[in-house]
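Text of the file protein13.txt, holding compact mmCIF, C-alpha atoms and all ligand atoms:
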# COMPACT_ATOMS: atom_id res chain seq x y z
CA MET A 1 9.97 -1.76 52.86
CA THR A 2 9.00 -0.99 49.27
CA LEU A 3 6.87 -3.42 47.42
CA PRO A 4 7.67 -4.21 43.81
CA GLU A 5 5.30 -2.39 41.49
CA SER A 6 2.47 -4.60 40.40
CA PRO A 7 2.18 -5.30 36.68
CA ALA A 8 -1.23 -3.61 36.75
CA VAL A 9 0.35 -0.36 37.91
CA VAL A 10 3.00 -0.52 35.20
CA THR A 11 0.36 -1.19 32.55
CA CYS A 12 -1.57 1.79 33.88
CA GLU A 13 1.34 4.08 33.25
CA TYR A 14 1.54 3.08 29.55
CA GLU A 15 -2.21 3.21 29.29
CA ALA A 16 -2.17 6.79 30.54
CA ARG A 17 0.52 7.75 28.04
CA LEU A 18 -1.47 6.32 25.14
CA ARG A 19 -4.65 8.05 26.30
CA ALA A 20 -2.88 11.41 26.37
CA VAL A 21 -1.66 10.92 22.80
CA GLU A 22 -5.09 9.73 21.70
CA HIS A 23 -6.57 12.89 23.11
CA GLU A 24 -4.10 14.96 21.11
CA LEU A 25 -4.87 13.08 17.92
CA THR A 26 -8.65 13.45 18.17
CA PRO A 27 -8.98 16.38 15.72
CA TYR A 28 -6.95 14.48 13.12
CA TRP A 29 -8.93 11.31 13.64
CA ASP A 30 -12.15 13.23 13.04
CA LYS A 31 -10.78 14.02 9.60
CA LEU A 32 -9.93 10.37 9.00
CA GLU A 33 -13.46 9.44 10.02
CA LYS A 34 -14.95 11.89 7.53
CA ARG A 35 -12.73 10.61 4.74
CA CYS A 36 -13.74 7.07 5.58
CA HIS A 37 -17.43 8.00 5.34
CA GLN A 38 -16.85 9.62 1.95
CA ASN A 39 -14.99 6.61 0.58
CA PHE A 40 -17.52 4.18 2.01
CA GLU A 41 -20.43 6.09 0.51
CA ARG A 42 -18.84 6.07 -2.92
CA ILE A 43 -18.06 2.36 -2.67
CA LEU A 44 -21.54 1.44 -1.45
CA GLU A 45 -23.05 3.45 -4.31
CA GLY A 46 -21.36 0.99 -6.67
CA TYR A 47 -23.00 -2.02 -4.98
CA LEU A 48 -26.38 -0.32 -5.22
CA SER A 49 -26.13 0.98 -8.76
CA HIS A 50 -24.92 -2.37 -10.11
CA GLY A 51 -27.52 -4.27 -8.12
CA LEU A 52 -25.22 -6.73 -6.37
CA ALA A 53 -27.30 -9.78 -5.48
CA GLU A 54 -26.90 -13.21 -3.87
CA ILE A 55 -26.80 -14.81 -7.33
CA HIS A 56 -23.47 -13.05 -8.02
CA PHE A 57 -21.72 -15.10 -5.34
CA ALA A 58 -21.95 -18.31 -7.38
CA SER A 59 -19.10 -19.08 -9.81
CA VAL A 60 -19.39 -20.37 -13.35
CA THR A 61 -16.96 -23.30 -13.80
CA GLY A 62 -14.84 -24.18 -16.82
CA TYR A 63 -14.24 -21.26 -19.16
CA GLY A 64 -16.13 -19.00 -16.80
CA HIS A 65 -18.00 -17.37 -19.64
CA ASN A 66 -20.81 -15.03 -18.63
CA ASP A 67 -19.88 -15.14 -14.97
CA LEU A 68 -22.18 -12.42 -13.66
CA GLY A 69 -20.34 -12.25 -10.33
CA ARG A 70 -16.99 -11.60 -12.02
CA GLU A 71 -18.54 -8.94 -14.23
CA VAL A 72 -20.25 -7.11 -11.41
CA THR A 73 -17.07 -7.26 -9.29
CA ASP A 74 -15.12 -5.52 -12.04
CA LYS A 75 -17.81 -2.83 -12.31
CA ILE A 76 -18.02 -2.24 -8.56
CA PHE A 77 -14.23 -1.95 -8.32
CA ALA A 78 -14.16 0.48 -11.25
CA HIS A 79 -16.68 2.64 -9.41
CA ALA A 80 -14.75 2.43 -6.13
CA LEU A 81 -11.49 3.34 -7.87
CA GLN A 82 -13.02 6.16 -9.94
CA ALA A 83 -12.01 4.44 -13.17
CA GLU A 84 -13.76 3.60 -16.45
CA SER A 85 -13.00 -0.11 -16.06
CA ALA A 86 -11.38 -2.53 -13.68
CA LEU A 87 -10.05 -6.05 -13.82
CA VAL A 88 -10.08 -7.86 -10.47
CA ARG A 89 -8.67 -11.36 -10.47
CA MET A 90 -7.42 -13.97 -8.04
CA GLN A 91 -5.21 -15.20 -10.87
CA MET A 92 -3.03 -12.14 -10.36
CA VAL A 93 -0.40 -13.44 -7.97
CA SER A 94 0.47 -10.15 -6.30
CA GLY A 95 0.75 -6.41 -6.70
CA THR A 96 3.91 -6.92 -8.74
CA HIS A 97 1.98 -9.11 -11.18
CA ALA A 98 -0.81 -6.52 -11.49
CA ILE A 99 1.67 -3.69 -12.09
CA ALA A 100 3.55 -5.83 -14.65
CA LEU A 101 0.28 -6.38 -16.53
CA ALA A 102 -0.48 -2.65 -16.47
CA LEU A 103 2.98 -1.77 -17.81
CA GLN A 104 2.74 -4.37 -20.57
CA ALA A 105 -0.71 -3.12 -21.58
CA ALA A 106 0.49 0.47 -21.66
CA LEU A 107 3.62 -0.36 -23.68
CA SER A 108 1.82 -2.54 -26.19
CA THR A 109 -0.70 0.19 -27.00
CA SER A 110 1.93 2.91 -26.83
CA PRO A 111 5.27 1.32 -27.76
CA GLY A 112 8.58 2.94 -26.95
CA GLY A 113 9.84 3.28 -23.45
CA ILE A 114 9.05 3.91 -19.84
CA ILE A 115 10.11 6.91 -17.87
CA SER A 116 9.74 6.66 -14.11
CA LEU A 117 8.82 10.07 -12.74
CA THR A 118 9.42 8.92 -9.16
CA GLY A 119 12.97 7.55 -9.14
CA SER A 120 13.71 3.88 -8.56
CA PRO A 121 10.68 1.63 -8.55
CA TYR A 122 9.72 -0.83 -5.82
CA ASP A 123 12.23 -3.61 -5.46
CA THR A 124 10.28 -6.39 -7.17
CA LEU A 125 9.61 -4.18 -10.19
CA GLU A 126 13.31 -3.94 -10.97
CA GLU A 127 13.14 -7.46 -12.36
CA VAL A 128 9.87 -6.79 -14.17
CA ILE A 129 11.42 -3.81 -15.92
CA GLY A 130 14.82 -5.46 -16.37
CA ILE A 131 16.94 -3.10 -14.29
CA ARG A 132 18.01 -6.18 -12.31
CA GLY A 133 18.10 -9.84 -13.26
CA GLU A 134 18.40 -11.52 -16.64
CA SER A 135 14.87 -12.61 -17.43
CA PRO A 136 14.09 -12.70 -21.16
CA ALA A 137 10.54 -11.78 -20.13
CA SER A 138 11.53 -8.41 -18.64
CA LEU A 139 10.37 -5.28 -20.42
CA MET A 140 13.91 -4.17 -21.27
CA ALA A 141 14.81 -7.63 -22.61
CA ARG A 142 11.77 -7.32 -24.87
CA GLY A 143 13.11 -4.09 -26.35
CA TYR A 144 11.42 -1.36 -24.33
CA SER A 145 13.68 1.33 -22.95
CA TYR A 146 13.68 2.55 -19.36
CA GLN A 147 14.91 5.63 -17.60
CA GLN A 148 14.09 7.43 -14.39
CA LEU A 149 13.90 10.98 -13.12
CA GLU A 150 14.77 11.65 -9.52
CA LEU A 151 11.70 13.01 -7.79
CA PHE A 152 13.04 14.64 -4.70
CA GLU A 153 15.39 17.32 -3.63
CA GLY A 154 15.68 16.44 0.04
CA ASP A 155 12.10 15.97 1.11
CA THR A 156 10.45 18.22 -1.43
CA ILE A 157 9.03 17.09 -4.74
CA ARG A 158 10.83 18.53 -7.69
CA LEU A 159 8.38 19.46 -10.40
CA SER A 160 10.66 21.60 -12.54
CA TRP A 161 12.45 19.29 -14.91
CA THR A 162 15.62 20.35 -16.75
CA PRO A 163 15.40 20.79 -20.56
CA GLU A 164 17.05 17.34 -21.00
CA GLU A 165 14.59 15.76 -18.60
CA GLN A 166 11.69 17.39 -20.41
CA GLU A 167 13.02 15.94 -23.65
CA SER A 168 13.10 12.48 -22.05
CA VAL A 169 9.45 12.85 -21.05
CA ARG A 170 8.60 13.86 -24.63
CA GLN A 171 10.44 10.81 -25.98
CA ALA A 172 8.88 8.28 -23.62
CA SER A 173 5.61 6.52 -24.37
CA VAL A 174 4.74 5.47 -20.81
CA ALA A 175 5.21 7.44 -17.59
CA PHE A 176 5.42 5.48 -14.37
CA ILE A 177 4.55 6.86 -10.94
CA GLN A 178 4.88 5.05 -7.61
CA ARG A 179 2.45 6.43 -5.06
CA SER A 180 3.82 4.92 -1.87
CA ARG A 181 7.38 5.13 -0.66
CA GLY A 182 7.39 1.37 -0.23
CA TYR A 183 10.49 0.81 1.89
CA SER A 184 12.60 3.59 0.44
CA SER A 185 13.53 6.76 2.22
CA ARG A 186 11.49 9.12 0.09
CA PRO A 187 8.11 10.52 1.15
CA SER A 188 4.93 9.02 -0.28
CA LEU A 189 2.95 11.03 -2.79
CA ALA A 190 -0.35 12.68 -2.04
CA VAL A 191 -2.91 12.40 -4.83
CA ALA A 192 -2.49 16.15 -5.41
CA ASP A 193 1.22 15.51 -6.11
CA ILE A 194 0.28 12.78 -8.57
CA GLU A 195 -2.14 15.19 -10.24
CA GLU A 196 0.65 17.71 -10.74
CA LEU A 197 3.05 15.10 -12.10
CA VAL A 198 0.43 13.80 -14.54
CA GLN A 199 -0.34 17.32 -15.74
CA GLN A 200 3.33 18.17 -16.18
CA ALA A 201 3.98 15.00 -18.15
CA LYS A 202 0.86 15.36 -20.31
CA ASN A 203 1.62 19.02 -21.04
CA LEU A 204 4.96 17.97 -22.47
CA ASN A 205 3.64 14.82 -24.13
CA PRO A 206 -0.15 14.59 -24.54
CA GLU A 207 0.11 11.01 -25.84
CA ILE A 208 2.00 9.63 -22.87
CA VAL A 209 0.22 6.82 -20.98
CA VAL A 210 0.50 7.23 -17.21
CA VAL A 211 0.67 4.08 -15.09
CA VAL A 212 0.55 4.36 -11.29
CA ASP A 213 1.72 1.76 -8.79
CA ASN A 214 -1.15 2.33 -6.36
CA CYS A 215 -0.02 -0.13 -3.67
CA TYR A 216 -0.67 0.98 -0.07
CA GLY A 217 -2.45 4.12 -1.22
CA GLU A 218 -6.01 2.97 -1.85
CA PHE A 219 -8.66 4.83 0.17
CA VAL A 220 -6.11 6.82 2.18
CA GLU A 221 -7.57 9.87 0.44
CA THR A 222 -10.92 10.38 -1.23
CA ARG A 223 -9.52 10.51 -4.76
CA GLU A 224 -7.59 7.76 -6.50
CA PRO A 225 -4.96 8.58 -9.16
CA THR A 226 -7.50 7.59 -11.85
CA ALA A 227 -9.59 10.58 -10.76
CA VAL A 228 -6.72 12.96 -11.53
CA GLY A 229 -5.63 11.80 -14.97
CA ALA A 230 -3.72 8.52 -14.49
CA ASP A 231 -4.54 6.13 -17.33
CA LEU A 232 -3.95 2.90 -15.41
CA ILE A 233 -3.48 2.00 -11.75
CA ALA A 234 -2.65 -1.37 -10.26
CA GLY A 235 -2.43 -2.91 -6.82
CA SER A 236 -2.71 -5.94 -4.57
CA LEU A 237 -5.82 -7.40 -2.93
CA ILE A 238 -3.82 -8.46 0.14
CA LYS A 239 -3.19 -4.79 0.84
CA ASN A 240 -5.71 -1.93 1.27
CA PRO A 241 -8.51 -2.81 -1.19
CA GLY A 242 -9.00 -6.36 0.11
CA GLY A 243 -9.93 -5.08 3.57
CA GLY A 244 -7.92 -7.90 5.13
CA LEU A 245 -10.37 -10.56 3.97
CA VAL A 246 -9.26 -11.41 0.46
CA PRO A 247 -6.81 -14.33 0.35
CA THR A 248 -4.96 -13.35 -2.85
CA GLY A 249 -5.18 -11.43 -6.11
CA GLY A 250 -4.73 -8.04 -7.67
CA TYR A 251 -6.44 -5.41 -9.77
CA VAL A 252 -5.78 -3.18 -12.74
CA ALA A 253 -8.09 -0.21 -13.32
CA GLY A 254 -8.29 2.75 -15.64
CA ARG A 255 -9.12 3.45 -19.27
CA HIS A 256 -11.33 0.79 -20.74
CA HIS A 257 -9.17 -0.18 -23.74
CA LEU A 258 -6.02 -0.40 -21.61
CA VAL A 259 -7.70 -2.57 -18.97
CA GLU A 260 -8.90 -4.88 -21.73
CA VAL A 261 -5.34 -5.24 -23.06
CA ALA A 262 -4.09 -5.97 -19.53
CA ALA A 263 -6.77 -8.71 -19.37
CA GLU A 264 -5.45 -10.18 -22.63
CA PHE A 265 -1.96 -10.34 -21.17
CA LEU A 266 -3.38 -12.12 -18.11
CA THR A 267 -5.43 -14.59 -20.17
CA ALA A 268 -4.98 -14.54 -23.95
CA PRO A 269 -5.87 -12.28 -26.86
CA GLY A 270 -9.49 -12.97 -27.68
CA ILE A 271 -10.32 -14.07 -24.14
CA GLY A 272 -9.39 -10.92 -22.24
CA SER A 273 -11.71 -10.21 -19.34
CA GLU A 274 -14.49 -12.52 -20.55
CA GLY A 275 -13.21 -15.79 -19.17
CA GLY A 276 -11.67 -17.22 -16.03
CA TYR A 277 -13.03 -19.10 -13.06
CA THR A 278 -13.50 -17.00 -9.94
CA PHE A 279 -12.96 -19.78 -7.36
CA GLU A 280 -16.16 -18.77 -5.55
CA SER A 281 -14.30 -15.65 -4.48
CA THR A 282 -16.75 -12.92 -5.46
CA ARG A 283 -18.39 -12.74 -2.04
CA THR A 284 -15.08 -12.43 -0.21
CA ILE A 285 -13.63 -9.90 -2.63
CA LEU A 286 -16.69 -7.68 -2.41
CA GLN A 287 -16.96 -8.09 1.35
CA GLY A 288 -13.29 -7.08 1.58
CA LEU A 289 -13.86 -3.97 -0.52
CA TYR A 290 -16.85 -3.12 1.69
CA PHE A 291 -14.57 -3.16 4.74
CA ALA A 292 -11.57 -1.57 3.02
CA PRO A 293 -12.14 2.13 3.82
CA THR A 294 -12.75 1.32 7.48
CA VAL A 295 -9.72 -0.96 7.73
CA VAL A 296 -7.54 1.68 6.06
CA LYS A 297 -8.81 4.25 8.57
CA GLU A 298 -8.03 1.92 11.48
CA ALA A 299 -4.51 1.37 10.14
CA LEU A 300 -3.99 5.12 9.67
CA LYS A 301 -5.16 5.79 13.23
CA GLY A 302 -2.76 3.15 14.52
CA MET A 303 0.17 4.51 12.50
CA SER A 304 -0.49 8.06 13.70
CA LEU A 305 -0.50 6.80 17.30
CA ALA A 306 2.84 5.03 16.75
CA ALA A 307 4.32 8.10 15.07
CA THR A 308 3.29 10.46 17.85
CA VAL A 309 4.33 8.18 20.71
CA PHE A 310 7.77 7.48 19.27
CA HIS A 311 8.28 11.07 18.18
CA GLN A 312 7.59 12.20 21.75
CA LEU A 313 10.18 9.72 22.97
CA GLY A 314 12.74 11.47 20.75
CA TYR A 315 12.92 9.05 17.83
CA ARG A 316 12.91 10.28 14.24
CA VAL A 317 9.72 9.14 12.55
CA TYR A 318 8.37 9.50 9.04
CA PRO A 319 5.80 10.80 8.36
CA ASN A 320 6.34 13.06 11.36
CA ASP A 321 3.00 14.78 11.06
CA PRO A 322 -0.20 12.75 10.75
CA ALA A 323 -1.52 15.27 8.24
CA LYS A 324 1.22 14.03 5.89
CA GLN A 325 0.04 10.41 5.92
CA ALA A 326 -0.21 9.29 2.30
CA ASP A 327 -0.12 5.52 2.79
CA ILE A 328 -0.39 2.96 5.58
CA ILE A 329 3.34 2.77 6.39
CA GLN A 330 5.03 4.38 9.37
CA MET A 331 8.80 4.56 9.60
CA ILE A 332 10.42 4.74 13.04
CA GLU A 333 14.17 5.13 13.37
CA LEU A 334 15.23 3.24 16.47
CA GLN A 335 18.99 3.77 15.92
CA ASP A 336 19.78 0.52 17.68
CA LYS A 337 19.91 -3.08 16.58
CA ASP A 338 18.59 -4.52 19.84
CA LYS A 339 15.69 -2.12 19.88
CA VAL A 340 14.76 -3.18 16.34
CA LEU A 341 14.78 -6.82 17.34
CA SER A 342 12.82 -6.14 20.51
CA PHE A 343 10.26 -4.08 18.56
CA CYS A 344 9.74 -6.76 15.92
CA ARG A 345 9.68 -9.68 18.36
CA THR A 346 7.17 -7.98 20.61
CA LEU A 347 4.95 -7.21 17.63
CA GLN A 348 5.13 -10.86 16.62
CA SER A 349 4.31 -12.00 20.14
CA VAL A 350 1.03 -10.07 20.12
CA SER A 351 -0.04 -11.17 16.63
CA PRO A 352 -3.23 -13.23 16.41
CA VAL A 353 -1.44 -15.92 14.38
CA ASP A 354 2.07 -17.33 14.97
CA SER A 355 2.55 -15.43 18.22
CA ARG A 356 5.02 -18.11 19.32
CA LEU A 357 7.44 -17.58 16.46
CA THR A 358 10.55 -15.48 16.98
CA PRO A 359 11.52 -13.33 14.00
CA VAL A 360 15.22 -13.45 13.11
CA PRO A 361 17.06 -11.30 10.57
CA ALA A 362 17.52 -13.15 7.29
CA VAL A 363 18.99 -12.35 3.93
CA THR A 364 16.14 -11.82 1.48
CA PRO A 365 16.59 -11.97 -2.27
CA GLY A 366 16.89 -8.47 -3.65
CA TYR A 367 18.04 -6.83 -0.43
CA ALA A 368 21.66 -6.10 0.35
CA ASP A 369 21.27 -6.41 4.11
CA ALA A 370 19.49 -8.94 6.28
CA VAL A 371 15.91 -7.98 7.00
CA VAL A 372 13.83 -8.91 10.02
CA MET A 373 10.16 -9.34 9.27
CA ALA A 374 7.43 -9.59 11.90
CA GLY A 375 3.71 -10.08 11.64
CA GLY A 376 1.50 -13.05 12.31
CA THR A 377 -1.25 -12.50 9.79
CA PHE A 378 -4.40 -14.39 8.81
CA ILE A 379 -3.42 -14.02 5.16
CA PHE A 380 0.21 -14.97 4.65
CA GLY A 381 2.29 -11.92 3.73
CA SER A 382 -0.64 -9.54 4.03
CA THR A 383 0.59 -6.04 4.83
CA ILE A 384 -2.79 -4.47 5.48
CA GLU A 385 -2.60 -6.61 8.62
CA LEU A 386 -0.28 -5.31 11.34
CA SER A 387 3.31 -6.08 10.42
CA ALA A 388 6.83 -4.65 10.63
CA ASP A 389 9.94 -4.97 8.49
CA ALA A 390 13.40 -3.69 9.30
CA PRO A 391 16.64 -3.90 7.33
CA MET A 392 19.45 -4.64 9.81
CA ARG A 393 21.57 -1.63 9.05
CA PRO A 394 21.86 1.94 10.37
CA PRO A 395 19.77 3.95 11.04
CA TYR A 396 17.91 0.81 12.21
CA ALA A 397 14.54 1.96 10.96
CA VAL A 398 11.41 -0.11 11.42
CA PHE A 399 8.72 0.07 8.78
CA LEU A 400 5.49 -0.50 10.64
CA GLN A 401 2.37 -0.98 8.58
CA GLY A 402 -1.30 -1.87 8.53
CA GLY A 403 -3.53 -3.06 11.31
CA LEU A 404 -7.02 -4.41 10.70
CA THR A 405 -8.24 -2.85 13.92
CA TYR A 406 -6.97 0.14 15.84
CA SER A 407 -7.29 -1.82 19.09
CA HIS A 408 -4.67 -4.28 17.90
CA VAL A 409 -2.17 -1.61 16.87
CA ARG A 410 -2.70 0.20 20.16
CA PHE A 411 -2.13 -2.96 22.17
CA ALA A 412 1.02 -3.78 20.19
CA ILE A 413 2.42 -0.29 20.77
CA LYS A 414 1.74 -0.54 24.49
CA ARG A 415 3.61 -3.85 24.70
CA ILE A 416 6.48 -2.57 22.55
CA LEU A 417 6.91 0.47 24.83
CA MET A 418 7.06 -1.78 27.89
CA GLN A 419 9.67 -4.02 26.29
CA LEU A 420 11.80 -1.10 25.09
CA ASP A 421 11.79 0.36 28.59
CA LYS A 422 13.02 -2.97 29.93
CA LEU A 423 15.88 -2.85 27.42
CA ASN A 424 16.78 0.68 28.54
CA LEU A 425 16.83 -0.43 32.18
CA ASN A 426 19.21 -3.30 31.51
C1 LIG B 1 3.66 -4.05 -2.08
C2 LIG B 1 4.12 -3.15 -3.16
C3 LIG B 1 4.26 -3.60 -4.48
C4 LIG B 1 3.95 -4.98 -4.92
O1 LIG B 1 4.33 -5.93 -4.05
P1 LIG B 1 3.69 -7.40 -3.99
O2 LIG B 1 4.35 -7.94 -2.80
O3 LIG B 1 4.07 -8.05 -5.26
O4 LIG B 1 2.21 -7.27 -3.87
C5 LIG B 1 4.66 -2.67 -5.41
N1 LIG B 1 4.91 -1.40 -5.07
C6 LIG B 1 4.77 -0.94 -3.83
C7 LIG B 1 5.05 0.51 -3.53
C8 LIG B 1 4.36 -1.79 -2.83
O5 LIG B 1 4.21 -1.33 -1.59

How does this structure look as structure tokens?
Ligand SMILES: *Cc1c(COP(=O)(O)O)cnc(C)c1O
Amino acid sequence: MTLPESPAVVTCEYEARLRAVEHELTPYWDKLEKRCHQNFERILEGYLSHGLAEIHFASVTGYGHNDLGREVTDKIFAHALQAESALVRMQMVSGTHAIALALQAALSTSPGGIISLTGSPYDTLEEVIGIRGESPASLMARGYSYQQLELFEGDTIRLSWTPEEQESVRQASVAFIQRSRGYSSRPSLAVADIEELVQQAKNLNPEIVVVVDNCYGEFVETREPTAVGADLIAGSLIKNPGGGLVPTGGYVAGRHHLVEVAAEFLTAPGIGSEGGYTFESTRTILQGLYFAPTVVKEALKGMSLAATVFHQLGYRVYPNDPAKQADIIQMIELQDKDKVLSFCRTLQSVSPVDSRLTPVPAVTPGYADAVVMAGGTFIFGSTIELSADAPMRPPYAVFLQGGLTYSHVRFAIKRILMQLDKLNLN
């Protein structure tokens, strides 16, 4: 008589598989650890040199003039992001809002048009620019031109532009670069790639203002785009730089005069960065930044575990080599609708919040196909917390991202493997 295998034995088998992969990944994780130390040291230096103190955690009401906490937060962020200046505000609704402010600031000081050096921008920016939608507030509706250069030939970055493309770069006043792949099929850019793009563009057009969509990239490497010649960067506080603690907001950082113009678009000319209530948020924002390099490292460890495990099972993954990680997203091609659903539902079921919800594919504005989204997060919509999105179309790829702690990602992967095996057995 054979006894059914006890759940403990089954769990053991998955546990052993994960341990073997963890062992393999150790040399890479040592590198992540070193990078984290470097980023943390730079960030902490900002707290020390600007003398962050308890008094900074109180907010000035009303106009918010002379709010010392807001001022020191901007300075500490500028230091962390290797920029002259930074504007960090809860009044920025999202990364899209922050990037829109950066583009408006760049165009108003350097009027003309935008050229995207990295192909199509992130979905939500299409409406900001005016490629999609009919808003009279879009950049194109307000008279700025837009064009884009395709960045890739297959998987390799194309840095040699044709004579016509070079002419377009000369004619443009603002160059736009998107660091992370977002949910497109292109690779994400390393900061060294951004450095080359900036140099190429500035060689052709020394006046061009370079704006970088920095979402998902913060603290993945030890240099930010502002350290390699980008004039402005922008991102979301519910992604990497908020460390999972910050409930909302965004930042713009870069050259002082451009950041000030972005502040005037956010508030009003004459007010700029000097006003605005902080909603008692300074403590949380700065505590989030303090955790950010560690949280990013945990997410990167988790994504490299997922990549290696699924790669070994024969699935196509991107990035397929941890050394190529340039943001906190991991793509896994499951090639099967049921597997995608099982993956996302299992992830949801082991989320700390909303574990009892069942994700279903739904049509989302801006996407052609239904998308299933999973992730029970403390901050609604936060993608530095463990989450997964998958458009319901071939090749049935899941975009897995974030993870505040490695332990959570590891546990989720273990459960997902068990569920996928059950599917295969049926
Ligand atoms: C998340 C993201 C944005 C902005 O998205 P929000 O949801 O508005 O914060 C822009 N670009 C990229 C590449 C992103 O990943």

Around ligand LIG 1 (chain B), fit a box with edges along x, y and z, padding it by 4 Å on each side, then list its centre and edge lengths in Å to one decimal as lines of an AutoDock Vina configuration file.
center_x = 3.6
center_y = -3.8
center_z = -3.5
size_x = 10.8
size_y = 16.6
size_z = 11.8

How would you write, as a ChimeraX atom specification, the set of residues no farther than 7 Å from ligand LIG 1 (chain B) when counting all atoms listed in the file? /A:94-97,122,124,178-182,213,215-216,235-236

Write a file of the just-selected residues containing C-alpha atoms, as a compact mmCIF listing (two decimals), keeping the file's coordinate frame.
# COMPACT_ATOMS: atom_id res chain seq x y z
CA SER A 94 0.47 -10.15 -6.30
CA GLY A 95 0.75 -6.41 -6.70
CA THR A 96 3.91 -6.92 -8.74
CA HIS A 97 1.98 -9.11 -11.18
CA TYR A 122 9.72 -0.83 -5.82
CA THR A 124 10.28 -6.39 -7.17
CA GLN A 178 4.88 5.05 -7.61
CA ARG A 179 2.45 6.43 -5.06
CA SER A 180 3.82 4.92 -1.87
CA ARG A 181 7.38 5.13 -0.66
CA GLY A 182 7.39 1.37 -0.23
CA ASP A 213 1.72 1.76 -8.79
CA CYS A 215 -0.02 -0.13 -3.67
CA TYR A 216 -0.67 0.98 -0.07
CA GLY A 235 -2.43 -2.91 -6.82
CA SER A 236 -2.71 -5.94 -4.57

Compare A:Leu81, A:Gly275, A:Gly64, A:Asn205 by their minimum atom-to-atom distance to A:Val252, counting all atoms listed in the file, and give me the closest one.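 Looking only at the distances to A:Val252, the closest residue turns out to be A:Leu81.
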
Hey, which of A:Val174, A:Met303, A:Ala201, A:Ile285 ends up closest to A:Glu22? Count only C-alpha atoms. A:Met303

Selection: 12 Å around A:Thr358, all atoms listed in the file, excl. self and same-chain fewer than 5 positions, as a list in words: Leu341, Ser342, Phe343, Cys344, Arg345, Thr346, Leu347, Gln348, Ser349, Val350, Ser351, Val372, Met373, Ala374, Gly375 and Gly376 of chain A

Which value, in Å to one decimal, gives the distance between atom CA of A:Pro187 and atom CA of A:Ile157?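 Taking atom CA of A:Pro187 as the start and atom CA of A:Ile157 as the end point, the length is 8.9 Å.
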
Please, what distance in Å, to one decimal, runs between atom CA of A:Asn66 and atom CA of A:Glu84?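 Value for the atom CA of A:Asn66-atom CA of A:Glu84 distance: 20.0 Å.
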
One decimal place gives the atom CA of A:Ala370-atom CA of A:Leu117 separation as 28.9 Å

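Among the candidate residues A:Leu245, A:Ile177, A:Val198, A:Ile328, the one lying nearest to A:Leu103 is A:Ile177, with distances computed using only C-alpha atoms.
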
Shortest interatomic distance to A:Tyr396 - which of A:Pro352, A:Val93, A:Glu333, A:Ala362, counting only C-alpha atoms: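 Of A:Pro352, A:Val93, A:Glu333, A:Ala362, the one nearest A:Tyr396, counting only C-alpha atoms, is A:Glu333.
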
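Using all atoms listed in the file, the smallest distance between any of A:Thr294, A:Ser355, A:Ser116, A:Ser273 and A:Thr405 comes from A:Thr294.
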
For the point (-18.7, -9.0, -10.2) in file coordinates, what residues are within 10 Å, counting all atoms listed in the file? Give the answer as a ChimeraX atom specification? /A:47,50,52-53,56-57,67-77,87-88,278,281-283,285-286

May I have the residues at most 9 Å from (-10.2, 9.7, -11.6) in the file's coordinates, counting only C-alpha atoms, as a VMD selection string? chain A and resid 81 to 84 223 to 231 254

Excluding A:Arg17 and its own-chain neighbours fewer than 3 positions away, which residues fall within 12 Å of it when counting all atoms listed in the file? Please give them as a list in words.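 Using all atoms listed in the file, the neighbours found are Val10, Thr11, Cys12, Glu13, Tyr14, Ala20, Val21, Glu22, His23, Glu24, Leu305, Ala306, Thr308, Val309, Phe310, Gln312, Leu313, Arg410, Ile413, Lys414, Leu417 and Met418 of chain A.
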
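Proximity to A:Glu165 at 12 Å, evaluated using all atoms listed in the file and with sequence-adjacent residues fewer than 6 positions away removed, yields Ile115, Ser116, Leu117, Gln147, Gln148, Leu149, Glu150, Leu151, Arg158, Leu159, Gln171, Ala172, Gln200, Ala201 and Leu204 of chain A.
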